[in-house]
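Participant: So here's model06.pdb (PDB, C-alpha atoms and all ligand atoms).
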```pdb
ATOM      1  CA  MET A  22       0.000  11.241  15.182  1.00  0.00           C
ATOM      2  CA  ILE A  23       0.303  12.719  11.684  1.00  0.00           C
ATOM      3  CA  GLU A  24       3.189  15.166  11.231  1.00  0.00           C
ATOM      4  CA  LEU A  25       3.672  17.131   8.004  1.00  0.00           C
ATOM      5  CA  ARG A  26       7.175  18.229   6.968  1.00  0.00           C
ATOM      6  CA  THR A  27       8.089  20.591   4.146  1.00  0.00           C
ATOM      7  CA  LEU A  28      11.276  19.604   2.355  1.00  0.00           C
ATOM      8  CA  THR A  29      14.187  21.594   0.951  1.00  0.00           C
ATOM      9  CA  PRO A  30      16.921  20.357  -1.427  1.00  0.00           C
ATOM     10  CA  GLU A  31      18.964  19.520   1.689  1.00  0.00           C
ATOM     11  CA  ASP A  32      16.427  16.760   2.374  1.00  0.00           C
ATOM     12  CA  TRP A  33      17.241  14.963  -0.879  1.00  0.00           C
ATOM     13  CA  ALA A  34      18.332  11.723   0.833  1.00  0.00           C
ATOM     14  CA  ILE A  35      15.033  11.250   2.662  1.00  0.00           C
ATOM     15  CA  TRP A  36      13.095  12.137  -0.499  1.00  0.00           C
ATOM     16  CA  ARG A  37      15.200   9.621  -2.417  1.00  0.00           C
ATOM     17  CA  GLU A  38      14.418   6.897   0.122  1.00  0.00           C
ATOM     18  CA  LEU A  39      10.666   7.505  -0.125  1.00  0.00           C
ATOM     19  CA  ARG A  40      10.590   7.937  -3.893  1.00  0.00           C
ATOM     20  CA  LEU A  41      12.538   4.741  -4.567  1.00  0.00           C
ATOM     21  CA  ALA A  42      10.183   2.897  -2.219  1.00  0.00           C
ATOM     22  CA  ALA A  43       7.189   4.385  -4.053  1.00  0.00           C
ATOM     23  CA  LEU A  44       8.441   3.441  -7.516  1.00  0.00           C
ATOM     24  CA  ALA A  45       9.239  -0.095  -6.338  1.00  0.00           C
ATOM     25  CA  GLU A  46       5.948  -0.599  -4.523  1.00  0.00           C
ATOM     26  CA  ALA A  47       3.460   1.057  -6.886  1.00  0.00           C
ATOM     27  CA  PRO A  48       4.838   0.999 -10.452  1.00  0.00           C
ATOM     28  CA  TYR A  49       1.243   0.940 -11.769  1.00  0.00           C
ATOM     29  CA  ALA A  50       0.709   4.445 -10.388  1.00  0.00           C
ATOM     30  CA  PHE A  51       3.579   6.450 -11.863  1.00  0.00           C
ATOM     31  CA  GLY A  52       4.821   7.640 -15.233  1.00  0.00           C
ATOM     32  CA  SER A  53       8.394   7.450 -13.908  1.00  0.00           C
ATOM     33  CA  GLN A  54       9.952   4.031 -13.579  1.00  0.00           C
ATOM     34  CA  LEU A  55      12.251   2.698 -10.871  1.00  0.00           C
ATOM     35  CA  ALA A  56      14.954   1.802 -13.401  1.00  0.00           C
ATOM     36  CA  GLY A  57      15.230   5.459 -14.411  1.00  0.00           C
ATOM     37  CA  TRP A  58      16.265   6.416 -10.872  1.00  0.00           C
ATOM     38  CA  GLN A  59      18.661   3.562 -10.206  1.00  0.00           C
ATOM     39  CA  GLY A  60      22.291   3.051 -11.214  1.00  0.00           C
ATOM     40  CA  GLU A  61      23.436   6.000 -13.338  1.00  0.00           C
ATOM     41  CA  GLY A  62      20.118   7.727 -12.691  1.00  0.00           C
ATOM     42  CA  ASP A  63      20.585   7.646  -8.927  1.00  0.00           C
ATOM     43  CA  ARG A  64      22.716  10.747  -8.343  1.00  0.00           C
ATOM     44  CA  GLU A  65      22.628  13.297  -5.529  1.00  0.00           C
ATOM     45  CA  GLU A  66      22.553  16.235  -7.960  1.00  0.00           C
ATOM     46  CA  ARG A  67      19.503  14.772  -9.697  1.00  0.00           C
ATOM     47  CA  TRP A  68      17.579  14.330  -6.453  1.00  0.00           C
ATOM     48  CA  ARG A  69      18.553  17.849  -5.394  1.00  0.00           C
ATOM     49  CA  ALA A  70      17.392  19.196  -8.755  1.00  0.00           C
ATOM     50  CA  ARG A  71      14.048  17.458  -8.294  1.00  0.00           C
ATOM     51  CA  LEU A  72      13.611  19.285  -4.980  1.00  0.00           C
ATOM     52  CA  SER A  73      14.843  22.583  -6.450  1.00  0.00           C
ATOM     53  CA  ILE A  74      12.149  23.146  -9.072  1.00  0.00           C
ATOM     54  CA  PRO A  75      11.358  26.870  -8.781  1.00  0.00           C
ATOM     55  CA  ASN A  76       8.020  27.630  -7.097  1.00  0.00           C
ATOM     56  CA  SER A  77       7.457  24.016  -6.112  1.00  0.00           C
ATOM     57  CA  TYR A  78       6.393  22.434  -2.826  1.00  0.00           C
ATOM     58  CA  ASN A  79       7.561  19.071  -1.552  1.00  0.00           C
ATOM     59  CA  ALA A  80       6.230  17.456   1.596  1.00  0.00           C
ATOM     60  CA  LEU A  81       6.332  14.233   3.535  1.00  0.00           C
ATOM     61  CA  VAL A  82       4.271  12.839   6.342  1.00  0.00           C
ATOM     62  CA  VAL A  83       5.563  11.048   9.408  1.00  0.00           C
ATOM     63  CA  LEU A  84       2.937   8.842  11.062  1.00  0.00           C
ATOM     64  CA  ASP A  85       3.609   7.659  14.604  1.00  0.00           C
ATOM     65  CA  GLY A  86       7.322   8.328  14.066  1.00  0.00           C
ATOM     66  CA  GLU A  87       7.633   6.433  10.749  1.00  0.00           C
ATOM     67  CA  LEU A  88       8.026   7.900   7.268  1.00  0.00           C
ATOM     68  CA  ALA A  89       4.569   7.429   5.793  1.00  0.00           C
ATOM     69  CA  GLY A  90       4.060   9.378   2.578  1.00  0.00           C
ATOM     70  CA  MET A  91       5.042  12.091   0.141  1.00  0.00           C
ATOM     71  CA  ALA A  92       3.615  14.523  -2.414  1.00  0.00           C
ATOM     72  CA  SER A  93       4.588  17.593  -4.411  1.00  0.00           C
ATOM     73  CA  GLY A  94       3.054  20.616  -6.051  1.00  0.00           C
ATOM     74  CA  VAL A  95       4.846  21.922  -9.152  1.00  0.00           C
ATOM     75  CA  PRO A  96       4.175  24.717 -11.647  1.00  0.00           C
ATOM     76  CA  THR A  97       2.763  23.924 -15.092  1.00  0.00           C
ATOM     77  CA  SER A  98       3.217  25.722 -18.404  1.00  0.00           C
ATOM     78  CA  GLU A  99       0.000  27.582 -17.577  1.00  0.00           C
ATOM     79  CA  GLU A 100       0.225  30.576 -15.288  1.00  0.00           C
ATOM     80  CA  ASN A 101      -1.543  30.109 -11.930  1.00  0.00           C
ATOM     81  CA  VAL A 102      -2.108  26.401 -12.520  1.00  0.00           C
ATOM     82  CA  VAL A 103      -0.114  23.877 -10.510  1.00  0.00           C
ATOM     83  CA  GLU A 104       0.083  20.110 -10.651  1.00  0.00           C
ATOM     84  CA  LEU A 105      -0.016  17.666  -7.772  1.00  0.00           C
ATOM     85  CA  ILE A 106       2.547  14.903  -8.394  1.00  0.00           C
ATOM     86  CA  SER A 107       4.508  12.108  -6.677  1.00  0.00           C
ATOM     87  CA  MET A 108       1.674  11.187  -4.289  1.00  0.00           C
ATOM     88  CA  TRP A 109       2.445   7.993  -2.393  1.00  0.00           C
ATOM     89  CA  VAL A 110       1.580   6.547   1.005  1.00  0.00           C
ATOM     90  CA  ALA A 111       3.486   3.569   2.386  1.00  0.00           C
ATOM     91  CA  PRO A 112       1.261   0.457   2.487  1.00  0.00           C
ATOM     92  CA  ALA A 113       1.461   0.142   6.291  1.00  0.00           C
ATOM     93  CA  ALA A 114       0.169   3.709   6.669  1.00  0.00           C
ATOM     94  CA  ARG A 115      -2.741   3.536   4.218  1.00  0.00           C
ATOM     95  CA  GLY A 116      -6.330   4.104   5.230  1.00  0.00           C
ATOM     96  CA  ARG A 117      -5.387   6.442   8.082  1.00  0.00           C
ATOM     97  CA  GLY A 118      -5.760   9.833   6.465  1.00  0.00           C
ATOM     98  CA  VAL A 119      -2.187  10.377   5.269  1.00  0.00           C
ATOM     99  CA  GLY A 120      -3.294  10.754   1.637  1.00  0.00           C
ATOM    100  CA  ASP A 121      -5.915  13.311   2.668  1.00  0.00           C
ATOM    101  CA  GLU A 122      -3.308  15.218   4.675  1.00  0.00           C
ATOM    102  CA  LEU A 123      -0.936  15.374   1.690  1.00  0.00           C
ATOM    103  CA  VAL A 124      -3.599  16.497  -0.807  1.00  0.00           C
ATOM    104  CA  GLN A 125      -4.748  19.181   1.631  1.00  0.00           C
ATOM    105  CA  ALA A 126      -1.168  20.335   2.255  1.00  0.00           C
ATOM    106  CA  VAL A 127      -0.520  20.782  -1.474  1.00  0.00           C
ATOM    107  CA  GLU A 128      -3.845  22.594  -1.818  1.00  0.00           C
ATOM    108  CA  ARG A 129      -3.041  24.961   1.087  1.00  0.00           C
ATOM    109  CA  TRP A 130       0.326  25.760  -0.467  1.00  0.00           C
ATOM    110  CA  ALA A 131      -1.306  26.349  -3.869  1.00  0.00           C
ATOM    111  CA  ARG A 132      -3.946  28.667  -2.420  1.00  0.00           C
ATOM    112  CA  GLN A 133      -1.322  30.677  -0.547  1.00  0.00           C
ATOM    113  CA  ALA A 134       0.517  31.139  -3.854  1.00  0.00           C
ATOM    114  CA  GLY A 135      -2.660  32.501  -5.462  1.00  0.00           C
ATOM    115  CA  THR A 136      -3.115  29.459  -7.672  1.00  0.00           C
ATOM    116  CA  GLU A 137      -6.340  29.281  -9.663  1.00  0.00           C
ATOM    117  CA  ALA A 138      -6.439  25.540 -10.305  1.00  0.00           C
ATOM    118  CA  LEU A 139      -4.800  22.369  -9.092  1.00  0.00           C
ATOM    119  CA  ARG A 140      -4.415  19.589 -11.649  1.00  0.00           C
ATOM    120  CA  LEU A 141      -3.184  16.012 -11.560  1.00  0.00           C
ATOM    121  CA  ALA A 142      -2.875  12.945 -13.718  1.00  0.00           C
ATOM    122  CA  VAL A 143      -3.994   9.577 -12.407  1.00  0.00           C
ATOM    123  CA  ALA A 144      -3.655   6.240 -14.153  1.00  0.00           C
ATOM    124  CA  GLU A 145      -6.791   4.608 -15.464  1.00  0.00           C
ATOM    125  CA  GLY A 146      -7.902   1.927 -12.983  1.00  0.00           C
ATOM    126  CA  ASN A 147      -6.123   3.425  -9.946  1.00  0.00           C
ATOM    127  CA  GLU A 148      -9.366   3.493  -8.023  1.00  0.00           C
ATOM    128  CA  ALA A 149      -7.917   4.250  -4.559  1.00  0.00           C
ATOM    129  CA  ALA A 150      -6.232   7.393  -5.886  1.00  0.00           C
ATOM    130  CA  ILE A 151      -9.223   8.443  -8.005  1.00  0.00           C
ATOM    131  CA  GLU A 152     -11.468   8.093  -4.945  1.00  0.00           C
ATOM    132  CA  LEU A 153      -9.012  10.076  -2.794  1.00  0.00           C
ATOM    133  CA  TYR A 154      -8.957  12.915  -5.315  1.00  0.00           C
ATOM    134  CA  GLN A 155     -12.727  12.921  -5.812  1.00  0.00           C
ATOM    135  CA  GLN A 156     -13.251  13.052  -2.049  1.00  0.00           C
ATOM    136  CA  ASN A 157     -10.968  16.096  -2.012  1.00  0.00           C
ATOM    137  CA  GLY A 158     -12.957  17.951  -4.649  1.00  0.00           C
ATOM    138  CA  PHE A 159     -11.151  17.031  -7.875  1.00  0.00           C
ATOM    139  CA  ALA A 160     -13.235  16.289 -10.950  1.00  0.00           C
ATOM    140  CA  ASP A 161     -12.363  14.331 -14.079  1.00  0.00           C
ATOM    141  CA  THR A 162     -11.741  16.829 -16.891  1.00  0.00           C
ATOM    142  CA  GLY A 163     -12.502  14.186 -19.519  1.00  0.00           C
ATOM    143  CA  LYS A 164      -9.013  14.785 -20.924  1.00  0.00           C
ATOM    144  CA  PHE A 165      -6.263  12.202 -21.177  1.00  0.00           C
ATOM    145  CA  GLY A 166      -2.569  12.617 -20.412  1.00  0.00           C
ATOM    146  CA  ASP A 167       0.308  10.353 -21.334  1.00  0.00           C
ATOM    147  CA  THR A 168       0.166   6.613 -21.841  1.00  0.00           C
ATOM    148  CA  MET A 169       1.494   4.743 -18.800  1.00  0.00           C
ATOM    149  CA  PRO A 170       4.788   2.813 -19.013  1.00  0.00           C
ATOM    150  CA  ASP A 171       2.805  -0.406 -19.626  1.00  0.00           C
ATOM    151  CA  GLY A 172       1.904   1.088 -22.997  1.00  0.00           C
ATOM    152  CA  VAL A 173      -1.781   0.363 -22.419  1.00  0.00           C
ATOM    153  CA  ARG A 174      -3.410   2.492 -19.746  1.00  0.00           C
ATOM    154  CA  ARG A 175      -3.864   6.229 -20.127  1.00  0.00           C
ATOM    155  CA  GLU A 176      -3.606   8.994 -17.570  1.00  0.00           C
ATOM    156  CA  HIS A 177      -6.865  10.724 -16.696  1.00  0.00           C
ATOM    157  CA  LEU A 178      -6.517  14.430 -15.982  1.00  0.00           C
ATOM    158  CA  MET A 179      -8.381  15.726 -12.930  1.00  0.00           C
ATOM    159  CA  GLU A 180      -8.746  19.302 -11.738  1.00  0.00           C
ATOM    160  CA  LYS A 181      -9.876  21.288  -8.735  1.00  0.00           C
ATOM    161  CA  VAL A 182     -10.681  24.937  -9.327  1.00  0.00           C
ATOM    162  CA  LEU A 183      -9.417  27.014  -6.397  1.00  0.00           C
ATOM    163  CA  SER A 184     -10.399  30.453  -7.603  1.00  0.00           C
ATOM    164  CA  ALA A 185     -13.538  31.635  -9.359  1.00  0.00           C
ATOM    165  CA  THR A 186     -11.460  33.857 -11.656  1.00  0.00           C
ATOM    166  CA  LEU A 187     -10.131  30.896 -13.651  1.00  0.00           C
ATOM    167  CA  HIS A 188     -11.078  30.996 -17.332  1.00  0.00           C
ATOM    168  CA  GLY A 189     -12.332  34.575 -16.779  1.00  0.00           C
TER     169      GLY A 189
HETATM  170  C1  LIG B   1      -3.944   6.466  -3.148  1.00  0.00           C
HETATM  171  C2  LIG B   1      -3.201   6.577  -1.825  1.00  0.00           C
HETATM  172  C3  LIG B   1      -2.265   7.806  -1.891  1.00  0.00           C
HETATM  173  C4  LIG B   1      -4.231   6.794  -0.693  1.00  0.00           C
HETATM  174  O1  LIG B   1      -3.547   7.078   0.502  1.00  0.00           O
HETATM  175  P1  LIG B   1      -4.187   6.791   1.956  1.00  0.00           P
HETATM  176  O2  LIG B   1      -3.314   7.429   2.967  1.00  0.00           O
HETATM  177  O3  LIG B   1      -4.481   5.359   2.113  1.00  0.00           O
HETATM  178  O4  LIG B   1      -5.568   7.591   1.846  1.00  0.00           O
HETATM  179  P2  LIG B   1      -6.443   8.117   3.080  1.00  0.00           P
HETATM  180  O5  LIG B   1      -6.383   7.168   4.215  1.00  0.00           O
HETATM  181  O6  LIG B   1      -6.110   9.543   3.362  1.00  0.00           O
HETATM  182  O7  LIG B   1      -7.904   8.033   2.441  1.00  0.00           O
HETATM  183  C5  LIG B   1      -8.610   9.190   2.056  1.00  0.00           C
HETATM  184  C6  LIG B   1      -9.753   8.806   1.136  1.00  0.00           C
HETATM  185  O8  LIG B   1      -9.231   8.272  -0.091  1.00  0.00           O
HETATM  186  C7  LIG B   1     -10.090   7.229  -0.561  1.00  0.00           C
HETATM  187  N1  LIG B   1      -9.351   5.949  -0.565  1.00  0.00           N
HETATM  188  C8  LIG B   1      -8.127   5.716  -0.070  1.00  0.00           C
HETATM  189  N2  LIG B   1      -7.782   4.429  -0.277  1.00  0.00           N
HETATM  190  C9  LIG B   1      -8.807   3.854  -0.915  1.00  0.00           C
HETATM  191  C10 LIG B   1      -9.041   2.532  -1.422  1.00  0.00           C
HETATM  192  N3  LIG B   1      -8.135   1.563  -1.299  1.00  0.00           N
HETATM  193  N4  LIG B   1     -10.198   2.303  -2.063  1.00  0.00           N
HETATM  194  C11 LIG B   1     -11.134   3.270  -2.207  1.00  0.00           C
HETATM  195  N5  LIG B   1     -10.959   4.537  -1.735  1.00  0.00           N
HETATM  196  C12 LIG B   1      -9.813   4.819  -1.108  1.00  0.00           C
HETATM  197  C13 LIG B   1     -11.264   7.172   0.410  1.00  0.00           C
HETATM  198  O9  LIG B   1     -12.251   8.081  -0.060  1.00  0.00           O
HETATM  199  C14 LIG B   1     -10.647   7.713   1.681  1.00  0.00           C
HETATM  200  O10 LIG B   1     -11.578   8.256   2.558  1.00  0.00           O
HETATM  201  P3  LIG B   1     -12.244   7.324   3.711  1.00  0.00           P
HETATM  202  O11 LIG B   1     -11.100   6.768   4.503  1.00  0.00           O
HETATM  203  O12 LIG B   1     -13.080   8.283   4.460  1.00  0.00           O
HETATM  204  O13 LIG B   1     -12.994   6.261   2.981  1.00  0.00           O
HETATM  205  C15 LIG B   1      -2.409   5.283  -1.505  1.00  0.00           C
HETATM  206  O14 LIG B   1      -3.252   4.167  -1.646  1.00  0.00           O
HETATM  207  C16 LIG B   1      -1.179   5.075  -2.390  1.00  0.00           C
HETATM  208  O15 LIG B   1      -0.110   5.600  -2.115  1.00  0.00           O
HETATM  209  N6  LIG B   1      -1.324   4.294  -3.475  1.00  0.00           N
HETATM  210  C17 LIG B   1      -0.198   3.959  -4.351  1.00  0.00           C
HETATM  211  C18 LIG B   1       0.383   5.162  -5.048  1.00  0.00           C
HETATM  212  C19 LIG B   1      -0.650   5.936  -5.812  1.00  0.00           C
HETATM  213  O16 LIG B   1      -1.605   5.400  -6.346  1.00  0.00           O
HETATM  214  N7  LIG B   1      -0.415   7.260  -5.896  1.00  0.00           N
HETATM  215  C20 LIG B   1      -1.279   8.153  -6.633  1.00  0.00           C
HETATM  216  C21 LIG B   1      -0.647   8.496  -7.933  1.00  0.00           C
HETATM  217  S1  LIG B   1      -1.743   9.519  -8.921  1.00  0.00           S
END
```
Can the structure from this file be put into structure tokens for me?
Ligand SMILES: CC(C)(COP(=O)(O)OP(=O)(O)OC[C@H]1O[C@@H](n2cnc3c(N)ncnc32)[C@H](O)[C@@H]1OP(=O)(O)O)[C@@H](O)C(=O)NCCC(=O)NCCS
Facilitator:
Amino acid sequence: MIELRTLTPEDWAIWRELRLAALAEAPYAFGSQLAGWQGEGDREERWRARLSIPNSYNALVVLDGELAGMASGVPTSEENVVELISMWVAPAARGRGVGDELVQAVERWARQAGTEALRLAVAEGNEAAIELYQQNGFADTGKFGDTMPDGVRREHLMEKVLSATLHG
């Protein structure tokens, strides 16, 4: 059974556990690096701040009683445009619809907030994630984001328009 939970800053410890697992397991997928959230970087106030971004949404999925995945929606510098970030599903839970559930949860939250477009950045070559996003209606914008920590691959920016009023 897939169970979706919305997180508050009080849930920082569970978010920390999942995020550290994500950064350790899938470093190819994220702009953030594990080292940046360990040692001095691993502080309660920092995790709480991450979950306290105004107008953000943070969720996790429990699958058959086990922590299985996480994702967030956060505002961008553009009004009515939000970004889907921090998407990760634990390897043992993959291929069972958890990724779909998380994308759809962020989209539902975004729609309820009157968001016009949902954006995300995905690393070049991350085919599982690109396929997940395409299946959920995201299209490649043709634009590039940051260079990944390996200094080689670029982020591809994808977007799903939620409201016909975007761009007038
Ligand atoms: C990408 C990721 C989130 C997918 O999660 P998941 O729970 O396995 O995905 P789902 O089971 O919900 O799959 C939904 C759809 O995504 C696509 N997909 C998922 N995994 C795929 C894979 N390995 N290869 C190709 N397509 C894949 C398929 O279209 C799938 O639909 P289908 O099952 O009907 O074929 C997961 O592999 C992951 O966490 N990867 C490492 C972290 C990461 O890449 N995060 C994204 C950062 S942008």
Participant: Which one is closest to A:Ala34: A:Ala144, A:Arg64, A:Trp109, A:Gly172? Count all atoms listed in the file.
Facilitator: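 Smallest separation from A:Ala34 among the options: A:Arg64.
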Participant: From the set A:Lys181, A:Arg132, A:Arg117, A:Arg174, which residue has the shortest atom-to-atom contact distance to A:Gln156, counting all atoms listed in the file?
Facilitator: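 Among the listed residues, A:Lys181 lies closest to A:Gln156.
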Participant: Would you mind reading off the distance between atom CA of A:Gly163 and atom CA of A:Glu180, one decimal, in Å?
Facilitator: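 Straight-line distance from atom CA of A:Gly163 to atom CA of A:Glu180 works out to 10.0 Å.
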Participant: Given the choices A:Gln59, A:Gln133, A:Asn79, A:Ser73, which gets closest to A:Asn101 if the distance is worked out from only C-alpha atoms?
Facilitator: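 Going through A:Gln59, A:Gln133, A:Asn79, A:Ser73 one by one, the smallest distance to A:Asn101 is for A:Gln133.
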Participant: Just checking: using all atoms listed in the file, which residue out of A:Met169, A:Met179, A:Ala111, A:Val127 ends up closest to ligand LIG 1 (chain B)?
Facilitator: A:Ala111
Participant: With all atoms listed in the file as the atoms that count, which of A:Asp167, A:Glu104, A:Glu46, A:Asp85 lies nearest to ligand LIG 1 (chain B)?
Facilitator: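 Looking only at the distances to ligand LIG 1 (chain B), the closest residue turns out to be A:Glu46.
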Participant: Around ligand LIG 1 (chain B), out to 8 Å and counting only C-alpha atoms and all ligand atoms, which residues are there? I want them as a ChimeraX atom specification.
Facilitator: /A:43,46-47,49-51,90,106-112,114-123,141-144,147-156
Participant: Please write as a ChimeraX atom specification the list of polymer residues whose atoms come within 10 Å of (18.3, 20.2, -3.0), counting all atoms listed in the file and keeping to the coordinates of the file.
Facilitator: /A:28-34,36,65-74
Participant: One decimal, Å: what's the distance from atom CA of A:Arg37 over to atom CA of A:Trp58, could you say?
Facilitator: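 Here the two named atoms are 9.1 Å from each other.
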Participant: Do you have the atom CA of A:Ala134-atom CA of A:Met91 distance handy?
Facilitator: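 Calculated distance between atom CA of A:Ala134 and atom CA of A:Met91 is 20.0 Å.
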Participant: Compare A:Thr27, A:Ser53, A:Ser184, A:Thr97 by their minimum atom-to-atom distance to A:Glu137, counting all atoms listed in the file, and give me the closest one.
Facilitator: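 Checking each of A:Thr27, A:Ser53, A:Ser184, A:Thr97 against A:Glu137, counting all atoms listed in the file, the winner is A:Ser184.
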Participant: Could you expand the PyMOL selection byres (((chain A and resi 165) around 6) and not hetatm) into the explicit residues it covers here, written as a PyMOL selection string?
Facilitator: chain A and resi 164+166+176-178
Participant: Which residues, written as a VMD selection string, have at least one atom at most 12 Å from A:Leu183, with only C-alpha atoms counted and residues fewer than 3 positions away on the same chain left out?
Facilitator: chain A and resid 101 to 103 127 to 140 157 to 159 180 186 to 188
Participant: Tell me which protein, DNA and RNA residues are within 8 Å of A:Gln54, counting all atoms listed in the file, leaving out same-chain ones fewer than 4 positions away, and put them as a count of residues only.
Facilitator: 4
Participant: For a cutoff of 10 Å around the file-coordinate point (2.8, 7.6, 16.2), which residues qualify once you count all atoms listed in the file? I'd like the result as a VMD selection string.
Facilitator: chain A and resid 22 to 24 83 to 87
